[in-house]
>>> print(open('structure-v6.txt').read())   # compact mmCIF, C-alpha atoms
# COMPACT_ATOMS: atom_id res chain seq x y z
CA MET A 1 1.38 22.99 -25.16
CA LEU A 2 -1.09 21.36 -22.81
CA SER A 3 -3.64 20.97 -25.60
CA PHE A 4 -1.00 19.25 -27.73
CA ALA A 5 -0.14 16.88 -24.85
CA LEU A 6 -3.85 16.21 -24.39
CA THR A 7 -4.20 15.26 -28.06
CA ILE A 8 -1.39 12.70 -27.73
CA ALA A 9 -2.89 11.40 -24.52
CA PHE A 10 -6.32 11.00 -26.14
CA ALA A 11 -4.71 9.02 -28.96
CA LEU A 12 -2.87 6.75 -26.51
CA VAL A 13 -5.97 6.07 -24.44
CA GLY A 14 -7.94 5.43 -27.64
CA ALA A 15 -5.34 2.85 -28.69
CA ALA A 16 -5.60 1.30 -25.22
CA PHE A 17 -9.38 1.00 -25.74
CA ALA A 18 -8.83 -0.71 -29.09
CA LEU A 19 -6.33 -3.23 -27.66
CA SER A 20 -8.58 -4.10 -24.70
CA PHE A 21 -11.51 -4.48 -27.07
CA LEU A 22 -9.53 -6.87 -29.26
CA ARG A 23 -8.74 -8.96 -26.18
CA LEU A 24 -12.44 -8.88 -25.28
CA LEU A 25 -13.34 -10.27 -28.70
CA LYS A 26 -10.53 -12.81 -28.75
CA GLY A 27 -11.00 -14.37 -25.35
CA PRO A 28 -10.01 -17.25 -25.24
CA ASP A 29 -11.51 -17.86 -21.80
CA ALA A 30 -14.23 -16.10 -19.87
CA THR A 31 -11.67 -14.84 -17.32
CA ASP A 32 -9.77 -13.08 -20.13
CA ARG A 33 -12.98 -11.36 -21.17
CA ILE A 34 -13.73 -10.23 -17.63
CA LEU A 35 -10.19 -8.87 -17.33
CA ALA A 36 -10.66 -7.04 -20.63
CA LEU A 37 -13.93 -5.51 -19.37
CA ASP A 38 -12.20 -4.41 -16.16
CA THR A 39 -9.42 -2.80 -18.19
CA LEU A 40 -12.00 -1.08 -20.39
CA SER A 41 -13.66 0.47 -17.34
CA ILE A 42 -10.28 1.72 -16.06
CA ASN A 43 -9.54 3.14 -19.52
CA ALA A 44 -12.91 4.86 -19.42
CA ILE A 45 -11.91 6.53 -16.15
CA ALA A 46 -8.69 7.73 -17.78
CA LEU A 47 -10.62 9.08 -20.76
CA LEU A 48 -13.10 10.92 -18.54
CA VAL A 49 -10.33 12.53 -16.50
CA LEU A 50 -8.65 13.66 -19.73
CA LEU A 51 -11.96 15.03 -21.02
CA GLY A 52 -12.43 16.90 -17.75
CA ILE A 53 -9.04 18.60 -18.17
CA HIS A 54 -9.70 19.26 -21.86
CA LEU A 55 -13.06 20.94 -21.25
CA ALA A 56 -11.86 22.51 -17.95
CA SER A 57 -14.99 21.21 -16.28
CA PRO A 58 -14.92 19.45 -12.89
CA LEU A 59 -18.24 17.74 -13.60
CA TYR A 60 -16.66 14.62 -15.10
CA PHE A 61 -15.04 13.69 -11.82
CA GLU A 62 -18.28 12.27 -10.42
CA VAL A 63 -18.79 10.16 -13.53
CA ALA A 64 -15.25 8.77 -13.19
CA LEU A 65 -15.89 7.89 -9.53
CA LEU A 66 -19.14 6.14 -10.42
CA ILE A 67 -17.50 4.14 -13.22
CA ALA A 68 -14.73 3.12 -10.83
CA LEU A 69 -17.35 1.85 -8.36
CA MET A 70 -19.46 0.07 -10.98
CA GLY A 71 -16.47 -1.46 -12.75
CA PHE A 72 -15.19 -2.94 -9.51
CA VAL A 73 -18.57 -4.33 -8.46
CA GLY A 74 -19.11 -5.82 -11.92
CA THR A 75 -15.70 -7.48 -12.00
CA VAL A 76 -16.14 -8.96 -8.54
CA ALA A 77 -19.63 -10.24 -9.37
CA LEU A 78 -18.47 -11.90 -12.60
CA ALA A 79 -15.39 -13.44 -10.97
CA LYS A 80 -17.55 -14.75 -8.13
CA PHE A 81 -19.92 -16.24 -10.66
CA LEU A 82 -17.06 -18.10 -12.30
CA LEU A 83 -15.86 -19.35 -8.93
CA ARG A 84 -19.29 -20.50 -7.80
CA GLY A 85 -20.90 -21.40 -11.10
CA ASP A 86 -18.43 -24.15 -11.77
CA ILE A 87 -18.94 -25.81 -8.41
CA ILE A 88 -22.60 -26.53 -9.05
CA GLU A 89 -22.48 -28.48 -12.24
CA MET B 1 -18.40 -4.55 26.07
CA THR B 2 -17.66 -1.40 28.04
CA PRO B 3 -19.86 1.69 27.51
CA ARG B 4 -16.99 3.63 25.97
CA LYS B 5 -16.36 0.95 23.41
CA ASN B 6 -20.02 0.98 22.52
CA TRP B 7 -20.14 4.72 22.12
CA LEU B 8 -17.07 5.01 19.89
CA PRO B 9 -16.43 1.52 18.53
CA HIS B 10 -13.77 2.34 15.96
CA PRO B 11 -11.68 5.38 16.83
CA ILE B 12 -9.58 5.03 13.65
CA LEU B 13 -12.49 4.70 11.26
CA THR B 14 -14.14 7.98 12.33
CA PRO B 15 -11.43 10.41 11.10
CA ILE B 16 -11.01 8.36 7.91
CA LEU B 17 -14.73 8.59 7.11
CA THR B 18 -14.73 12.31 7.91
CA ALA B 19 -11.78 12.85 5.59
CA ILE B 20 -13.52 10.91 2.81
CA TRP B 21 -16.67 13.00 3.25
CA LEU B 22 -14.66 16.23 3.04
CA LEU B 23 -12.81 15.02 -0.05
CA LEU B 24 -16.04 13.93 -1.69
CA ASN B 25 -17.46 17.42 -1.20
CA ASN B 26 -14.13 19.05 -2.00
CA SER B 27 -14.62 21.66 0.73
CA ILE B 28 -13.57 22.37 4.31
CA ALA B 29 -16.51 24.56 5.28
CA PRO B 30 -17.36 24.26 9.02
CA GLY B 31 -20.78 22.83 8.22
CA GLN B 32 -19.28 20.06 6.11
CA ILE B 33 -16.74 19.23 8.85
CA LEU B 34 -19.59 18.91 11.34
CA LEU B 35 -21.63 16.73 9.00
CA GLY B 36 -18.55 14.63 8.25
CA LEU B 37 -17.86 14.09 11.93
CA LEU B 38 -21.49 13.13 12.48
CA LEU B 39 -21.34 10.59 9.65
CA GLY B 40 -17.95 9.35 10.82
CA TRP B 41 -19.44 8.70 14.23
CA ALA B 42 -22.80 7.33 13.09
CA ILE B 43 -21.66 4.90 10.37
CA PRO B 44 -19.30 2.82 12.56
CA ARG B 45 -21.83 2.99 15.42
CA PHE B 46 -24.73 1.56 13.42
CA THR B 47 -22.74 -0.96 11.38
CA LEU B 48 -21.09 -2.37 14.48
CA ALA B 49 -22.29 -5.90 13.68
CA PHE B 50 -20.11 -6.03 10.58
CA TRP B 51 -16.90 -5.04 12.36
CA PRO B 52 -16.59 -7.19 15.43
CA GLU B 53 -12.84 -6.81 15.78
CA ARG B 54 -11.08 -3.67 16.85
CA VAL B 55 -8.18 -2.58 14.69
CA ARG B 56 -5.09 -1.88 16.74
CA ILE B 57 -2.09 -0.08 15.36
CA HIS B 58 0.96 -0.88 17.43
CA ALA B 59 3.53 1.22 15.62
CA PRO B 60 2.15 4.35 13.90
CA GLY B 61 5.63 5.49 12.85
CA ARG B 62 6.28 2.26 11.04
CA LEU B 63 2.92 2.57 9.30
CA LEU B 64 4.05 5.87 7.75
CA HIS B 65 7.39 4.34 6.82
CA PHE B 66 5.59 1.36 5.28
CA ALA B 67 3.35 3.70 3.25
CA GLY B 68 6.45 5.45 1.90
CA VAL B 69 8.15 2.17 0.97
CA PHE B 70 4.89 1.01 -0.61
CA LEU B 71 4.47 4.09 -2.82
CA TYR B 72 8.11 3.94 -3.92
CA ASP B 73 7.75 0.24 -4.76
CA VAL B 74 4.55 0.87 -6.72
CA LEU B 75 6.44 3.35 -8.88
CA VAL B 76 9.44 1.07 -9.41
CA ALA B 77 7.26 -2.00 -10.04
CA ASN B 78 5.19 -0.11 -12.60
CA LEU B 79 8.25 0.97 -14.51
CA ALA B 80 9.62 -2.58 -14.39
CA VAL B 81 6.34 -4.11 -15.61
CA ALA B 82 6.06 -1.51 -18.37
CA ARG B 83 9.58 -2.38 -19.54
CA LEU B 84 8.81 -6.12 -19.46
CA ILE B 85 5.64 -5.66 -21.49
CA LEU B 86 7.46 -3.57 -24.07
CA ALA B 87 10.29 -6.13 -24.22
CA GLY B 88 7.77 -8.74 -25.36
CA PRO B 89 6.48 -12.07 -24.11
CA ARG B 90 9.61 -14.03 -24.97
CA ALA B 91 11.75 -12.34 -22.34
CA LEU B 92 9.42 -13.31 -19.48
CA ARG B 93 10.10 -15.97 -16.88
CA PRO B 94 6.74 -16.40 -15.14
CA ALA B 95 6.54 -18.60 -12.05
CA PHE B 96 4.24 -19.61 -9.23
CA VAL B 97 5.75 -19.20 -5.80
CA VAL B 98 4.38 -20.26 -2.42
CA VAL B 99 4.95 -17.77 0.36
CA PRO B 100 4.59 -19.18 3.90
CA LEU B 101 2.83 -16.65 6.12
CA ASP B 102 3.68 -15.60 9.66
CA LEU B 103 0.76 -13.19 9.89
CA THR B 104 -2.41 -14.25 11.66
CA ASN B 105 -4.47 -11.04 11.63
CA ASP B 106 -7.07 -11.01 8.82
CA LEU B 107 -6.60 -7.33 7.98
CA ALA B 108 -2.83 -7.74 7.87
CA ILE B 109 -3.11 -10.73 5.51
CA SER B 110 -5.43 -8.88 3.14
CA LEU B 111 -3.15 -5.83 3.20
CA LEU B 112 -0.19 -8.07 2.40
CA ALA B 113 -2.07 -9.66 -0.50
CA ASN B 114 -3.03 -6.23 -1.83
CA THR B 115 0.51 -4.94 -1.49
CA ILE B 116 1.86 -7.96 -3.36
CA CYS B 117 -0.65 -7.36 -6.14
CA LEU B 118 0.42 -3.75 -6.59
CA THR B 119 4.17 -4.21 -6.27
CA PRO B 120 7.10 -6.04 -7.76
CA GLY B 121 5.59 -7.80 -10.78
CA THR B 122 3.57 -10.22 -8.68
CA VAL B 123 -0.10 -11.06 -8.18
CA SER B 124 -1.34 -12.97 -5.17
CA ALA B 125 -3.49 -15.79 -6.46
CA ARG B 126 -4.75 -17.94 -3.64
CA LEU B 127 -4.71 -18.16 0.12
CA SER B 128 -4.63 -21.69 1.50
CA VAL B 129 -7.60 -22.77 3.62
CA ASP B 130 -5.66 -22.68 6.89
CA ARG B 131 -4.27 -19.20 6.08
CA ARG B 132 -0.68 -20.30 6.32
CA HIS B 133 0.41 -20.06 2.69
CA LEU B 134 -0.13 -17.56 -0.08
CA LEU B 135 0.26 -18.56 -3.71
CA VAL B 136 1.92 -15.77 -5.70
CA HIS B 137 2.35 -15.48 -9.43
CA GLY B 138 5.41 -13.58 -10.59
CA LEU B 139 5.78 -12.06 -14.04
CA ASP B 140 9.55 -12.31 -14.29
CA VAL B 141 11.12 -14.37 -11.52
CA GLU B 142 14.85 -14.85 -11.39
CA SER B 143 14.98 -17.01 -8.29
CA PRO B 144 11.86 -18.00 -6.33
CA GLU B 145 13.70 -18.10 -2.99
CA GLU B 146 14.85 -14.53 -3.41
CA LEU B 147 11.33 -13.35 -4.24
CA VAL B 148 9.91 -15.03 -1.14
CA ALA B 149 12.66 -13.51 1.00
CA THR B 150 12.01 -10.03 -0.42
CA ILE B 151 8.28 -10.26 0.21
CA LYS B 152 8.83 -11.50 3.75
CA THR B 153 11.34 -8.90 4.83
CA ARG B 154 10.05 -5.91 2.90
CA PHE B 155 6.30 -6.23 3.40
CA GLU B 156 5.41 -8.92 5.86
CA ALA B 157 7.74 -7.93 8.70
CA PRO B 158 6.53 -4.30 8.91
CA LEU B 159 2.87 -5.38 8.66
CA LYS B 160 3.43 -7.82 11.49
CA ALA B 161 4.99 -5.11 13.63
CA ILE B 162 2.17 -2.68 12.86
CA PHE B 163 -0.88 -4.87 13.35
CA GLU B 164 0.24 -7.63 15.69
CA GLY B 165 2.92 -5.99 17.81
CA SER B 166 6.29 -7.56 18.35
CA ILE B 167 4.96 -10.25 20.70
CA LYS B 168 3.03 -13.04 19.06
CA CYS B 169 -0.47 -13.21 20.50
CA MET C 1 -0.94 29.51 -16.53
CA ASN C 2 2.65 29.29 -15.41
CA ILE C 3 4.95 27.69 -17.98
CA PHE C 4 6.47 25.27 -15.44
CA VAL C 5 3.05 24.13 -14.32
CA GLU C 6 2.12 23.57 -17.93
CA ILE C 7 5.23 21.48 -18.59
CA LEU C 8 4.56 19.42 -15.47
CA LEU C 9 0.92 18.92 -16.48
CA SER C 10 1.84 17.90 -20.02
CA PHE C 11 4.37 15.44 -18.70
CA LEU C 12 1.92 13.89 -16.22
CA VAL C 13 -0.86 13.65 -18.81
CA ILE C 14 1.34 11.93 -21.37
CA ALA C 15 2.96 9.63 -18.79
CA GLY C 16 -0.45 8.62 -17.46
CA ALA C 17 -1.87 7.93 -20.90
CA ALA C 18 1.29 6.02 -21.87
CA PHE C 19 0.96 3.79 -18.79
CA ALA C 20 -2.71 3.13 -19.57
CA PHE C 21 -1.67 2.20 -23.11
CA ILE C 22 1.11 -0.11 -21.92
CA GLY C 23 -1.31 -1.84 -19.55
CA SER C 24 -3.70 -2.59 -22.41
CA LEU C 25 -0.78 -3.56 -24.63
CA GLY C 26 0.22 -6.13 -22.02
CA LEU C 27 -3.33 -7.38 -21.91
CA TYR C 28 -3.30 -7.87 -25.66
CA ARG C 29 0.22 -9.07 -26.19
CA LEU C 30 1.15 -11.52 -23.45
CA ARG C 31 0.52 -15.20 -23.88
CA ASP C 32 -1.18 -16.75 -20.91
CA PHE C 33 -3.85 -15.43 -18.61
CA TYR C 34 -1.69 -15.13 -15.51
CA THR C 35 0.88 -12.89 -17.20
CA ARG C 36 -1.89 -10.85 -18.85
CA LEU C 37 -3.22 -10.12 -15.40
CA HIS C 38 -0.13 -8.06 -14.56
CA GLY C 39 -0.53 -5.39 -17.22
CA PRO C 40 -3.89 -3.93 -16.25
CA THR C 41 -3.43 -4.21 -12.48
CA LYS C 42 -0.14 -2.35 -12.37
CA ALA C 43 0.36 -0.12 -15.34
CA THR C 44 -3.24 1.03 -15.35
CA THR C 45 -3.39 2.03 -11.70
CA LEU C 46 -0.27 4.17 -12.02
CA GLY C 47 -1.52 5.55 -15.35
CA VAL C 48 -4.85 6.66 -13.93
CA GLY C 49 -2.98 7.85 -10.82
CA CYS C 50 -0.79 10.16 -12.94
CA LEU C 51 -3.82 11.50 -14.81
CA LEU C 52 -5.65 12.18 -11.54
CA VAL C 53 -2.67 14.04 -10.08
CA ALA C 54 -2.59 16.10 -13.29
CA SER C 55 -6.32 16.80 -12.96
CA SER C 56 -5.88 17.79 -9.30
CA ILE C 57 -3.08 20.24 -10.16
CA PHE C 58 -5.03 21.62 -13.14
CA PHE C 59 -8.18 22.39 -11.16
CA SER C 60 -6.19 23.75 -8.21
CA VAL C 61 -4.38 26.19 -10.51
CA THR C 62 -7.32 27.26 -12.63
CA GLY C 63 -10.09 27.01 -10.05
CA GLU C 64 -10.57 29.19 -7.01
CA ALA C 65 -9.65 26.58 -4.41
CA LEU C 66 -7.49 23.52 -3.85
CA SER C 67 -9.01 20.51 -5.56
CA LEU C 68 -8.21 17.25 -3.84
CA HIS C 69 -11.18 15.01 -4.51
CA GLU C 70 -9.28 13.24 -7.32
CA ILE C 71 -7.35 11.50 -4.54
CA LEU C 72 -10.52 9.55 -3.75
CA VAL C 73 -10.62 7.93 -7.18
CA SER C 74 -6.96 6.91 -7.03
CA LEU C 75 -7.37 5.66 -3.45
CA PHE C 76 -10.37 3.64 -4.53
CA LEU C 77 -8.49 2.18 -7.50
CA PHE C 78 -5.50 1.31 -5.32
CA ILE C 79 -7.79 -0.60 -2.99
CA THR C 80 -9.94 -2.32 -5.61
CA ALA C 81 -7.48 -3.19 -8.39
CA PRO C 82 -5.62 -5.83 -6.33
CA VAL C 83 -8.89 -7.29 -5.08
CA SER C 84 -10.26 -7.84 -8.56
CA ALA C 85 -6.88 -9.17 -9.77
CA HIS C 86 -6.79 -11.62 -6.87
CA LEU C 87 -10.35 -12.80 -7.56
CA LEU C 88 -9.66 -13.23 -11.28
CA ALA C 89 -6.47 -15.20 -10.55
CA LYS C 90 -8.47 -17.38 -8.17
CA ALA C 91 -11.16 -17.93 -10.80
CA ALA C 92 -8.52 -18.81 -13.39
CA LEU C 93 -6.91 -21.34 -11.04
CA HIS C 94 -10.32 -22.77 -10.32
CA ARG C 95 -10.99 -23.21 -14.04
CA GLN C 96 -7.50 -24.71 -14.39
CA LEU C 97 -6.38 -22.44 -17.17
CA PRO C 98 -3.06 -23.48 -18.70
CA SER C 99 -0.06 -21.50 -17.51
CA LEU C 100 3.40 -20.93 -18.88
CA ALA C 101 4.76 -20.70 -15.38
CA VAL C 102 7.31 -23.00 -13.80
CA MET C 103 5.94 -24.67 -10.71
CA GLN C 104 7.82 -24.65 -7.48
CA ASN C 105 7.26 -28.16 -6.20
CA ASN C 106 6.43 -27.87 -2.55
CA ASP C 107 3.25 -27.70 -0.53
CA ARG C 108 0.61 -29.78 -2.21
CA GLU C 109 -2.31 -27.90 -0.77
CA THR C 110 -1.84 -24.49 -2.35
CA LYS C 111 -0.51 -25.89 -5.59
CA PRO C 112 -2.90 -25.55 -8.49
CA GLU C 113 -3.46 -28.42 -10.89
CA HIS C 114 -0.81 -27.85 -13.47
CA SER C 115 -1.77 -28.52 -17.05
CA ALA C 116 0.93 -27.27 -19.35
>>> encode(input="structure-v6.txt", output="structure tokens")
Amino acid sequence: MLSFALTIAFALVGAAFALSFLRLLKGPDATDRILALDTLSINAIALLVLLGIHLASPLYFEVALLIALMGFVGTVALAKFLLRGDIIE
Amino acid sequence: MTPRKNWLPHPILTPILTAIWLLLNNSIAPGQILLGLLLGWAIPRFTLAFWPERVRIHAPGRLLHFAGVFLYDVLVANLAVARLILAGPRALRPAFVVVPLDLTNDLAISLLANTICLTPGTVSARLSVDRRHLLVHGLDVESPEELVATIKTRFEAPLKAIFEGSIKC
Amino acid sequence: MNIFVEILLSFLVIAGAAFAFIGSLGLYRLRDFYTRLHGPTKATTLGVGCLLVASSIFFSVTGEALSLHEILVSLFLFITAPVSAHLLAKAALHRQLPSLAVMQNNDRETKPEHSA
């Protein structure tokens, strides 16, 4: 039963990836794209956790933690760039 | 600064750092506890310049109560936002609301902003320069006054009691 | 594995994935930036939270010891998600993105320039 639930969950997270990716392509503003990238990194964490359960391997936890860290730092850096980059014109 | 303050500058940070170290290693072996305590003592000691203010918790009981209320609200808010998203964009009544702040402590203000972001369909958008007003965006706002009142009584009042005590200082 | 544990795990896994999906759906479907911001910050944190709880239970049941380090990831997400949402909202206000929101007309200082 768990493997069946995992299959559904993989499909849902895959659809989430697709929707975020569409938003990333569509824009319309840079902030929308940054938000889409942030969502993609959170979806990646979800996918890695699911993969960890599926393969019964605790190794993927570290990867998820690292992606959480990197995603946050990237989002903050990009948002800061938008805030500062517009001031100096 | 008294010698004791210098030796153990942040008594709350030490156990938190130790707990994080133990969780990171996923073990409670005696050696790891010792190493965690060492790190928990050394990190606040050597990064003292970044944390000039001491965090004071005036009401530990209320902190626990606040954490419970917060987790419950996160759950409820998530279900509400999920329902709103599924209902479609037409049903939404988004609004900007200005919340006047009574808090003065920096940590308390940032905790309030974070709590607002995670709970009832709201995102805190901007803090005014004098730190007296917080601009909040709500996803589905029925009446702005009610939203402000809810935020003030449910989140701001306990945070004020926890971090600033009952007497205004 | 115990049947009840398995039911609980299946439920948590599907609920978590469903929340992650709804968050991204909100990101795709809603109409202005400020409302889009709500989907990922809320639904996704709870979604990943559910998945991490499921992972914690799974490795505690199948492994030899209690596995709690998943809490760290959810703790980290609970701290960082609002910060990035706040910064993005600030950036959007700074760039004066159009909003569908109704403005409450008081306090000129915190009010963003409204361009509907």
>>> atom_distance(input="structure-v6.txt", atom1="atom CA of C:Ala20", atom2="atom CA of B:His65")
28.3 Å
>>> interface_residues(input="structure-v6.txt", of="chain A", to="chain C", cutoff="7 Å", atoms="only C-alpha atoms", output="MDAnalysis selection string")
chainID A and resid 2 5:6 8:9 12:13 15:16 19:20 23 31:32 39 43 46 49 53 65 72 75:76 79 82:83
>>> closest_atom_pairs(input="structure-v6.txt", of="chain B", to="chain A", cutoff="12 Å", atoms="all atoms listed in the file", output="JSON lines")
{"residue": "B:Leu24", "atom": "CA", "partner": "A:Glu62", "partner_atom": "CA", "distance": 9.2}
{"residue": "B:Asn25", "atom": "CA", "partner": "A:Glu62", "partner_atom": "CA", "distance": 10.6}
{"residue": "B:Asn26", "atom": "CA", "partner": "A:Pro58", "partner_atom": "CA", "distance": 10.9}
>>> closest_atom_pairs(input="structure-v6.txt", of="chain B", to="chain C", cutoff="9 Å", atoms="only C-alpha atoms", output="CSV")
residue,atom,partner,partner_atom,distance
B:Ile20,CA,C:Leu72,CA,7.3
B:Leu22,CA,C:His69,CA,8.4
B:Leu23,CA,C:His69,CA,4.7
B:Leu24,CA,C:His69,CA,5.7
B:Asn25,CA,C:His69,CA,7.5
B:Asn26,CA,C:His69,CA,5.6
B:Ser27,CA,C:Ser67,CA,8.5
B:Val74,CA,C:Leu46,CA,7.9
B:Leu75,CA,C:Leu46,CA,7.5
B:Ala77,CA,C:Lys42,CA,7.8
B:Asn78,CA,C:Ala43,CA,5.6
B:Leu79,CA,C:Ala43,CA,8.0
B:Val81,CA,C:Gly39,CA,7.2
B:Ala82,CA,C:Ile22,CA,6.3
B:Leu84,CA,C:Gly26,CA,9.0
B:Ile85,CA,C:Gly26,CA,5.5
B:Leu86,CA,C:Ile22,CA,7.5
B:Gly88,CA,C:Leu30,CA,7.4
B:Pro89,CA,C:Leu30,CA,5.4
B:Arg90,CA,C:Leu30,CA,9.0
B:Leu92,CA,C:Thr35,CA,8.8
B:Arg93,CA,C:Ala101,CA,7.3
B:Pro94,CA,C:Ala101,CA,4.7
B:Ala95,CA,C:Ala101,CA,4.3
B:Phe96,CA,C:Met103,CA,5.5
B:Val97,CA,C:Gln104,CA,6.1
B:Val98,CA,C:Thr110,CA,7.5
B:Ala113,CA,C:Pro82,CA,7.8
B:Asn114,CA,C:Pro82,CA,5.2
B:Thr115,CA,C:Pro82,CA,7.9
B:Ile116,CA,C:Pro82,CA,8.3
B:Cys117,CA,C:Pro82,CA,5.2
B:Leu118,CA,C:Lys42,CA,6.0
B:Thr119,CA,C:Lys42,CA,7.7
B:Gly121,CA,C:His38,CA,6.9
B:Thr122,CA,C:His38,CA,7.3
B:Val123,CA,C:His86,CA,6.8
B:Ser124,CA,C:His86,CA,5.9
B:Ala125,CA,C:Ala89,CA,5.1
B:Arg126,CA,C:Lys90,CA,5.9
B:Leu127,CA,C:Thr110,CA,7.4
B:Ser128,CA,C:Thr110,CA,5.5
B:Val129,CA,C:Thr110,CA,8.5
B:His133,CA,C:Thr110,CA,7.1
B:Leu134,CA,C:Thr110,CA,7.5
B:Leu135,CA,C:Thr110,CA,6.4
B:His137,CA,C:Tyr34,CA,7.3
B:Gly138,CA,C:Thr35,CA,8.0
B:Leu139,CA,C:Thr35,CA,5.9
B:Pro144,CA,C:Gln104,CA,7.9
>>> axis_aligned_box(input="structure-v6.txt", around="stretch 53-61 of chain A", padding_each_side="8 Å", output="JSON")
{"center_x": -13.6, "center_y": 18.1, "center_z": -16.8, "size_x": 25.2, "size_y": 24.8, "size_z": 26.0}
>>> residues_around(input="structure-v6.txt", residues="A:Leu51", least_positions_apart="6", cutoff="9 Å", atoms="all atoms listed in the file", output="list in words")
Leu6, Phe10, Ser57 and Tyr60 of chain A
